[in-house]
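What's in final_37.tsv: TSV, C-alpha atoms
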```tsv
chain	number	residue	atom	x	y	z
U	547	MET	CA	0.00	0.00	0.00
U	548	THR	CA	1.38	3.40	-1.01
U	549	ILE	CA	2.00	5.82	1.85
U	550	ASP	CA	0.27	9.10	1.04
U	551	LEU	CA	1.19	12.09	3.21
U	552	THR	CA	-0.74	14.62	1.16
U	553	GLY	CA	-2.12	17.31	3.45
U	554	ARG	CA	0.34	16.51	6.22
U	555	VAL	CA	2.80	19.14	7.43
U	556	ALA	CA	6.21	18.02	8.67
U	557	ILE	CA	9.12	19.75	10.37
U	558	VAL	CA	12.52	18.15	9.84
U	559	THR	CA	15.35	19.57	11.95
U	560	GLY	CA	18.92	19.51	10.72
U	561	ALA	CA	17.49	19.21	7.22
U	562	GLY	CA	20.13	21.27	5.43
U	563	GLY	CA	22.21	18.20	4.62
U	564	GLY	CA	22.89	14.56	5.37
U	565	LEU	CA	20.10	12.50	6.89
U	566	GLY	CA	17.83	15.49	7.42
U	567	ARG	CA	17.96	16.43	3.74
U	568	SER	CA	17.16	12.84	2.73
U	569	HIS	CA	14.28	12.70	5.22
U	570	ALA	CA	12.86	15.99	3.95
U	571	LEU	CA	13.06	14.89	0.31
U	572	ALA	CA	11.47	11.52	1.08
U	573	LEU	CA	8.57	13.03	3.01
U	574	ALA	CA	7.96	15.56	0.24
U	575	ARG	CA	7.96	12.82	-2.40
U	576	HIS	CA	5.15	11.16	-0.45
U	577	GLY	CA	3.10	14.36	-0.47
U	578	ALA	CA	3.96	16.10	2.81
U	579	THR	CA	4.59	19.82	3.01
U	580	VAL	CA	8.02	20.01	4.62
U	581	VAL	CA	9.46	22.73	6.83
U	582	VAL	CA	13.20	22.53	6.21
U	583	ASN	CA	14.89	23.56	9.46
U	584	ASP	CA	18.62	24.08	9.83
U	585	LEU	CA	21.17	26.43	11.36
U	586	GLN	CA	22.46	27.46	7.93
U	587	PRO	CA	20.12	29.69	5.90
U	588	ALA	CA	21.76	28.77	2.59
U	589	ALA	CA	21.34	25.06	3.32
U	590	CYS	CA	17.67	25.54	4.21
U	591	GLU	CA	17.06	27.44	0.99
U	592	ALA	CA	18.92	24.90	-1.13
U	593	VAL	CA	16.98	21.89	0.15
U	594	THR	CA	13.70	23.81	-0.08
U	595	ALA	CA	14.48	24.70	-3.70
U	596	GLU	CA	15.37	21.07	-4.42
U	597	ILE	CA	12.01	19.88	-3.08
U	598	ILE	CA	10.06	22.49	-5.03
U	599	ALA	CA	11.98	21.73	-8.24
U	600	ALA	CA	10.93	18.09	-7.85
U	601	GLY	CA	7.28	19.13	-7.60
U	602	GLY	CA	6.99	19.08	-3.81
U	603	GLN	CA	6.03	21.68	-1.25
U	604	ALA	CA	8.51	23.10	1.27
U	605	VAL	CA	9.41	26.21	3.22
U	606	PRO	CA	12.72	27.04	4.93
U	607	TRP	CA	13.14	28.00	8.57
U	608	THR	CA	16.46	28.87	10.13
U	609	CYS	CA	16.98	28.47	13.87
U	610	SER	CA	18.87	26.30	16.31
U	611	VAL	CA	16.89	23.59	18.07
U	612	THR	CA	18.53	24.84	21.28
U	613	ASP	CA	16.87	28.25	20.80
U	614	ARG	CA	13.64	27.55	22.64
U	615	PRO	CA	11.89	30.84	21.77
U	616	GLY	CA	12.97	30.38	18.15
U	617	VAL	CA	11.62	26.84	18.02
U	618	PHE	CA	8.31	27.86	19.58
U	619	ALA	CA	8.05	30.75	17.10
U	620	MET	CA	8.70	28.33	14.23
U	621	VAL	CA	5.93	26.00	15.35
U	622	GLU	CA	3.46	28.83	15.92
U	623	ASP	CA	4.18	30.27	12.47
U	624	VAL	CA	3.97	26.89	10.75
U	625	ILE	CA	0.56	26.20	12.31
U	626	ALA	CA	-0.69	29.68	11.40
U	627	GLN	CA	0.68	29.75	7.85
U	628	LEU	CA	0.30	26.11	6.82
U	629	GLY	CA	-2.85	25.26	8.73
U	630	GLY	CA	-1.44	22.71	11.15
U	631	LEU	CA	1.46	20.46	12.06
U	632	ASP	CA	1.37	16.68	11.88
U	633	ILE	CA	4.89	15.24	11.76
U	634	LEU	CA	8.07	16.03	13.70
U	635	VAL	CA	11.40	14.56	12.67
U	636	ASN	CA	13.88	15.42	15.42
U	637	ASN	CA	17.10	14.89	13.47
U	638	ALA	CA	19.46	17.77	14.33
U	639	GLY	CA	22.62	16.72	16.12
U	640	ILE	CA	26.33	17.24	16.71
U	641	LEU	CA	29.33	15.21	17.84
U	642	ARG	CA	32.00	16.05	20.39
U	643	ASP	CA	33.75	12.69	20.66
U	644	ARG	CA	36.45	11.99	23.23
U	645	THR	CA	37.01	9.41	25.90
U	646	PHE	CA	35.20	10.28	29.12
U	647	ALA	CA	38.49	10.81	30.94
U	648	LYS	CA	39.47	13.54	28.44
U	649	MET	CA	36.03	14.96	27.74
U	650	ASP	CA	35.27	18.55	28.66
U	651	LEU	CA	31.98	18.67	30.56
U	652	ASP	CA	30.94	21.69	28.51
U	653	ASP	CA	31.06	19.42	25.46
U	654	PHE	CA	29.08	16.78	27.34
U	655	GLU	CA	26.41	19.34	28.16
U	656	LEU	CA	26.37	20.78	24.64
U	657	VAL	CA	25.69	17.38	23.06
U	658	LEU	CA	22.87	16.74	25.55
U	659	ASP	CA	21.47	20.20	24.84
U	660	VAL	CA	21.34	19.72	21.07
U	661	HIS	CA	20.18	16.11	20.87
U	662	LEU	CA	17.97	15.81	23.93
U	663	MET	CA	16.77	19.30	24.78
U	664	GLY	CA	16.56	20.26	21.10
U	665	SER	CA	14.14	17.39	20.61
U	666	VAL	CA	12.27	18.30	23.80
U	667	ASN	CA	11.93	21.93	22.65
U	668	LEU	CA	10.36	21.06	19.31
U	669	THR	CA	8.13	18.32	20.67
U	670	LYS	CA	6.89	20.46	23.55
U	671	ALA	CA	6.15	23.33	21.17
U	672	ALA	CA	3.95	21.07	19.01
U	673	TRP	CA	2.50	18.73	21.65
U	674	ALA	CA	-0.60	20.70	22.66
U	675	HIS	CA	-1.53	21.30	19.02
U	676	MET	CA	-1.22	17.61	18.19
U	677	ARG	CA	-3.16	16.61	21.29
U	678	ASP	CA	-5.98	19.01	20.48
U	679	LYS	CA	-6.31	17.81	16.89
U	680	GLY	CA	-6.05	14.16	17.93
U	681	TYR	CA	-3.16	13.33	15.63
U	682	GLY	CA	0.62	13.47	15.58
U	683	ARG	CA	3.69	11.56	14.48
U	684	VAL	CA	6.86	12.28	16.48
U	685	ILE	CA	10.19	10.72	15.49
U	686	PHE	CA	13.29	10.96	17.67
U	687	THR	CA	16.71	10.08	16.32
U	688	THR	CA	18.43	7.67	18.68
U	689	SER	CA	21.60	5.69	17.92
U	690	SER	CA	23.26	2.33	18.40
U	691	SER	CA	25.80	4.32	20.45
U	692	GLY	CA	23.07	4.90	23.01
U	693	LEU	CA	21.44	1.50	22.72
U	694	TYR	CA	24.65	-0.52	22.84
U	695	GLY	CA	27.51	1.88	23.64
U	696	ASN	CA	30.40	3.15	21.56
U	697	PHE	CA	33.94	4.01	22.63
U	698	GLY	CA	34.53	7.75	22.95
U	699	GLN	CA	30.86	8.71	22.81
U	700	ALA	CA	29.72	8.93	26.42
U	701	ASN	CA	27.99	12.27	25.81
U	702	TYR	CA	26.39	11.23	22.52
U	703	GLY	CA	25.35	7.81	23.85
U	704	ALA	CA	23.79	9.33	26.96
U	705	ALA	CA	21.80	11.82	24.89
U	706	LYS	CA	20.63	9.18	22.44
U	707	MET	CA	19.51	6.75	25.12
U	708	ALA	CA	17.71	9.59	26.91
U	709	LEU	CA	15.63	10.03	23.77
U	710	VAL	CA	14.53	6.40	24.03
U	711	GLY	CA	13.29	7.04	27.57
U	712	LEU	CA	11.50	10.17	26.36
U	713	MET	CA	9.88	8.16	23.57
U	714	GLN	CA	8.73	5.43	25.93
U	715	THR	CA	6.81	7.87	28.14
U	716	LEU	CA	5.50	10.21	25.44
U	717	ALA	CA	4.15	7.23	23.50
U	718	LEU	CA	2.12	6.26	26.57
U	719	GLU	CA	0.94	9.82	27.19
U	720	GLY	CA	0.12	10.51	23.55
U	721	GLN	CA	-1.65	7.29	22.66
U	722	LYS	CA	-5.14	8.38	23.70
U	723	SER	CA	-4.71	11.53	21.60
U	724	GLY	CA	-3.61	9.77	18.44
U	725	ILE	CA	0.02	10.84	18.85
U	726	HIS	CA	2.44	8.08	17.90
U	727	VAL	CA	6.02	8.47	19.14
U	728	ASN	CA	8.92	6.39	17.83
U	729	CYS	CA	12.70	6.32	17.54
U	730	LEU	CA	14.92	5.85	14.52
U	731	ALA	CA	18.49	4.58	14.93
U	732	PRO	CA	20.23	5.27	11.61
U	733	SER	CA	23.48	4.00	10.15
U	734	ALA	CA	24.62	6.34	7.39
U	735	ALA	CA	27.60	8.20	6.01
U	736	THR	CA	27.15	11.86	6.95
U	737	GLN	CA	29.27	14.88	7.84
U	738	MET	CA	29.05	13.69	11.46
U	739	THR	CA	30.74	10.38	10.58
U	740	GLU	CA	33.62	11.80	8.53
U	741	GLY	CA	36.91	10.42	9.81
U	742	LEU	CA	35.23	7.91	12.11
U	743	TYR	CA	34.97	5.02	9.66
U	744	SER	CA	36.93	3.72	6.69
U	745	ASP	CA	35.71	4.14	3.13
U	746	ASP	CA	35.01	0.41	3.02
U	747	ASP	CA	32.87	0.64	6.15
U	748	LEU	CA	30.85	3.48	4.64
U	749	LYS	CA	30.14	1.83	1.28
U	750	GLY	CA	26.42	1.48	0.79
U	751	LEU	CA	25.56	3.66	3.80
U	752	SER	CA	23.68	6.27	1.80
U	753	THR	CA	21.39	8.50	3.84
U	754	ASP	CA	18.69	7.88	1.23
U	755	LEU	CA	18.56	4.23	2.30
U	756	VAL	CA	17.51	5.26	5.84
U	757	SER	CA	14.72	7.68	4.99
U	758	PRO	CA	12.08	5.08	4.01
U	759	GLY	CA	12.03	4.29	7.73
U	760	VAL	CA	11.09	7.88	8.49
U	761	VAL	CA	8.30	7.79	5.93
U	762	ALA	CA	6.94	4.59	7.49
U	763	LEU	CA	7.07	6.11	10.99
U	764	ALA	CA	5.31	9.25	9.69
U	765	ALA	CA	2.45	7.33	8.08
U	766	ASP	CA	-1.10	7.09	9.39
U	767	SER	CA	-0.45	3.37	9.99
U	768	ALA	CA	2.76	3.96	11.95
U	769	PRO	CA	3.30	1.98	15.16
U	770	THR	CA	4.11	3.64	18.46
U	771	ARG	CA	6.89	2.94	21.01
U	772	THR	CA	9.06	1.40	18.30
U	773	ILE	CA	12.85	1.64	18.01
U	774	LEU	CA	13.54	1.19	14.30
U	775	LEU	CA	17.13	0.57	13.24
U	776	ALA	CA	17.99	1.45	9.64
U	777	GLY	CA	21.06	1.40	7.44
U	778	ALA	CA	22.33	0.19	4.07
U	779	GLY	CA	18.79	-0.70	3.06
U	780	ALA	CA	18.25	-2.96	6.09
U	781	PHE	CA	15.72	-2.41	8.86
U	782	GLU	CA	15.59	-4.00	12.31
U	783	GLN	CA	13.81	-3.37	15.61
U	784	ALA	CA	15.44	-2.99	19.02
U	785	HIS	CA	13.72	-3.84	22.31
U	786	ILE	CA	14.39	-3.11	25.96
U	787	THR	CA	13.46	-6.36	27.64
U	788	MET	CA	13.18	-7.88	31.11
U	789	THR	CA	14.30	-11.41	31.93
U	790	GLN	CA	12.36	-13.73	34.23
U	791	GLY	CA	15.14	-13.47	36.82
U	792	ILE	CA	15.09	-15.03	40.28
U	793	TYR	CA	13.26	-14.44	43.55
U	794	LEU	CA	15.23	-14.29	46.80
U	795	GLY	CA	12.83	-12.54	49.15
U	796	ASP	CA	14.55	-11.43	52.35
U	797	ALA	CA	17.27	-14.08	52.27
U	798	PRO	CA	20.15	-12.92	54.50
U	799	ASP	CA	22.66	-14.06	51.89
U	800	ALA	CA	20.85	-12.41	48.96
U	801	ALA	CA	23.96	-10.59	47.67
U	802	GLN	CA	25.96	-13.81	47.55
U	803	ARG	CA	23.09	-15.61	45.79
U	804	ILE	CA	22.88	-12.84	43.18
U	805	GLN	CA	26.59	-13.25	42.55
U	806	ALA	CA	26.22	-17.02	42.20
U	807	GLN	CA	23.18	-16.78	39.93
U	808	TRP	CA	24.20	-14.19	37.31
U	809	PRO	CA	23.65	-16.73	34.47
U	810	ARG	CA	20.10	-17.45	35.65
U	811	ILE	CA	19.31	-13.77	36.15
U	812	ALA	CA	20.60	-13.05	32.65
U	813	ASP	CA	18.84	-16.01	31.00
U	814	ARG	CA	16.71	-14.55	28.20
U	815	THR	CA	14.32	-17.48	28.01
U	816	GLY	CA	10.83	-16.08	28.43
U	817	GLU	CA	11.99	-12.47	28.54
U	818	THR	CA	9.30	-9.82	28.04
U	819	VAL	CA	8.97	-6.29	26.67
U	820	PRO	CA	7.29	-4.42	29.54
U	821	ALA	CA	4.24	-2.36	28.64
U	822	SER	CA	5.35	0.35	31.08
U	823	GLY	CA	7.72	0.92	33.98
U	824	ALA	CA	5.10	-0.47	36.36
U	825	ALA	CA	5.62	-3.91	34.82
U	826	GLN	CA	8.88	-4.34	36.73
U	827	TYR	CA	7.14	-3.99	40.10
U	828	THR	CA	4.23	-6.20	39.01
U	829	HIS	CA	6.63	-8.90	37.89
U	830	GLU	CA	8.71	-8.73	41.04
U	831	VAL	CA	5.82	-9.07	43.49
U	832	ALA	CA	3.84	-11.65	41.51
U	833	HIS	CA	6.36	-14.41	40.91
U	834	PRO	CA	7.61	-16.04	44.11
U	835	ASP	CA	7.68	-19.28	42.10
U	836	ARG	CA	11.03	-18.07	40.81
U	837	ALA	CA	12.54	-18.67	44.25
U	838	LEU	CA	15.81	-20.52	44.49
U	839	THR	CA	16.09	-23.53	46.72
U	840	PRO	CA	18.54	-23.04	49.60
U	841	ALA	CA	22.13	-23.60	48.61
```
As structure tokens - that is how I would like this structure written.
Amino acid sequence: MTIDLTGRVAIVTGAGGGLGRSHALALARHGATVVVNDLQPAACEAVTAEIIAAGGQAVPWTCSVTDRPGVFAMVEDVIAQLGGLDILVNNAGILRDRTFAKMDLDDFELVLDVHLMGSVNLTKAAWAHMRDKGYGRVIFTTSSSGLYGNFGQANYGAAKMALVGLMQTLALEGQKSGIHVNCLAPSAATQMTEGLYSDDDLKGLSTDLVSPGVVALAADSAPTRTILLAGAGAFEQAHITMTQGIYLGDAPDAAQRIQAQWPRIADRTGETVPASGAAQYTHEVAHPDRALTPA
């Protein structure tokens, strides 16, 4: 079934190049009117012109996602001028890679500010509008560096995993209002990855091969609370799961038993994907049958 985004209005941050440009072009090809947001005015104009030349609809908007008043002004103007706002693609980001021992905490904070708070700013600015109209598609850009770790990226990984936590809660809060919230974890060759990987590693990692995932997450039929991994034309899903674990109650030697039973605690047989944070408590108080016999 063809995904038709005609009549939908989307904001794509960091859309002046790389993944953001590809996302903006892909959404426009499927009929969305795209607000091309970037720090660089020339980049915004160029991508906007590219979309229009291809027969799509787009407008440029220059501001940093860390500029909260600027972001709120963008959203207000988009709603007023374009008649609404349906899709947010929180893509803007930066890197300040160093090992944690050598990392300046200002750089740690800056990366959190752009990736996490930049996404919070845009989503907060649009949330009430989406809730009132009973529809919204919010996409956060997470990363395998947050999901699984990556040497030298403590700041980036922390920011990206924080977005997963934000997604988990906003998906729950937005569900009754028709707001679907998801994460995309892309693998692509961009300006941010220059010098990090060899040419061989980057072969086939076109940003255009990631953007179909954004279109799918922006569709009316999009899921919610999904972590979609995308790269080189491949798509996977990540899950944060909970194992069955063990029950020790108030055993006086509980610490020693934990140490002795790491393999059983880690056993993924029968693991679950909790519906919410409350599932941990429910699981822990409801399963004394997982008790270990005395050593």
Exercise: region 600-615 of chain U partners within 6 Å, all atoms listed in the file, chain neighbours under 6 positions left out, as an mmCIF file with C-alpha atoms, in the frame of the given file:
```cif
data_model
loop_
_atom_site.group_PDB
_atom_site.id
_atom_site.type_symbol
_atom_site.label_atom_id
_atom_site.label_comp_id
_atom_site.auth_asym_id
_atom_site.auth_seq_id
_atom_site.Cartn_x
_atom_site.Cartn_y
_atom_site.Cartn_z
ATOM 1 C CA ALA U 574 7.960 15.560 0.240
ATOM 2 C CA THR U 579 4.590 19.820 3.010
ATOM 3 C CA VAL U 580 8.020 20.010 4.620
ATOM 4 C CA VAL U 581 9.460 22.730 6.830
ATOM 5 C CA VAL U 582 13.200 22.530 6.210
ATOM 6 C CA ASN U 583 14.890 23.560 9.460
ATOM 7 C CA ASP U 584 18.620 24.080 9.830
ATOM 8 C CA LEU U 585 21.170 26.430 11.360
ATOM 9 C CA PRO U 587 20.120 29.690 5.900
ATOM 10 C CA CYS U 590 17.670 25.540 4.210
ATOM 11 C CA GLU U 591 17.060 27.440 0.990
ATOM 12 C CA THR U 594 13.700 23.810 -0.080
ATOM 13 C CA VAL U 660 21.340 19.720 21.070
ATOM 14 C CA GLY U 664 16.560 20.260 21.100
ATOM 15 C CA ASN U 667 11.930 21.930 22.650
#
```
Which residues, written as a ChimeraX atom specification, have at least one atom at most 8 Å from region 642-650 of chain U, with all atoms listed in the file counted and residues fewer than 5 positions away on the same chain left out?
-> /U:657,697-702
Neighbours of point (5.4, -0.3, 20.9) within 9 Å, using all atoms listed in the file, written as a ChimeraX atom specification = /U:714,717,727-728,769-773,821
May I ask for the distance between CA of Gly577 (chain U) and CA of Ile597 (chain U), given in Å to one decimal place?
->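 Separation of CA of Gly577 (chain U) and CA of Ile597 (chain U): 10.8 Å.
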Name the residues in contact with Leu573 (chain U) at a cut-off of 9 Å, using all atoms listed in the file, excluding same-chain residues fewer than 6 positions from it; report them as a list in words.
->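 Surrounding residues, per the criterion: Leu551, Ala556, Thr579, Val580, Ser757, Pro758, Val760, Val761 and Ala764 of chain U.
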With all atoms listed in the file counted, which protein, DNA or RNA residues have an atom no more than 9 Å from (15.0, 5.1, 24.9) in the file frame? Please answer as a list of chain:residue names.
-> U:Thr688, U:Gly692, U:Leu693, U:Lys706, U:Met707, U:Ala708, U:Leu709, U:Val710, U:Gly711, U:Leu712, U:Met713, U:Gln714, U:Cys729, U:Ile773, U:Ile786
Hey, what's within 12 Å of Pro820 (chain U) if we count only C-alpha atoms and toss same-chain stuff fewer than 6 positions away? As a ChimeraX atom specification, please?
-> /U:714,771,785-790,826-829
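As for CA of Thr559 (chain U) and CA of Leu668 (chain U), they are spaced 9.0 Å apart.
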Correct to one decimal, the distance CA of Val831 (chain U)-CA of Pro798 (chain U) is 18.5 Å
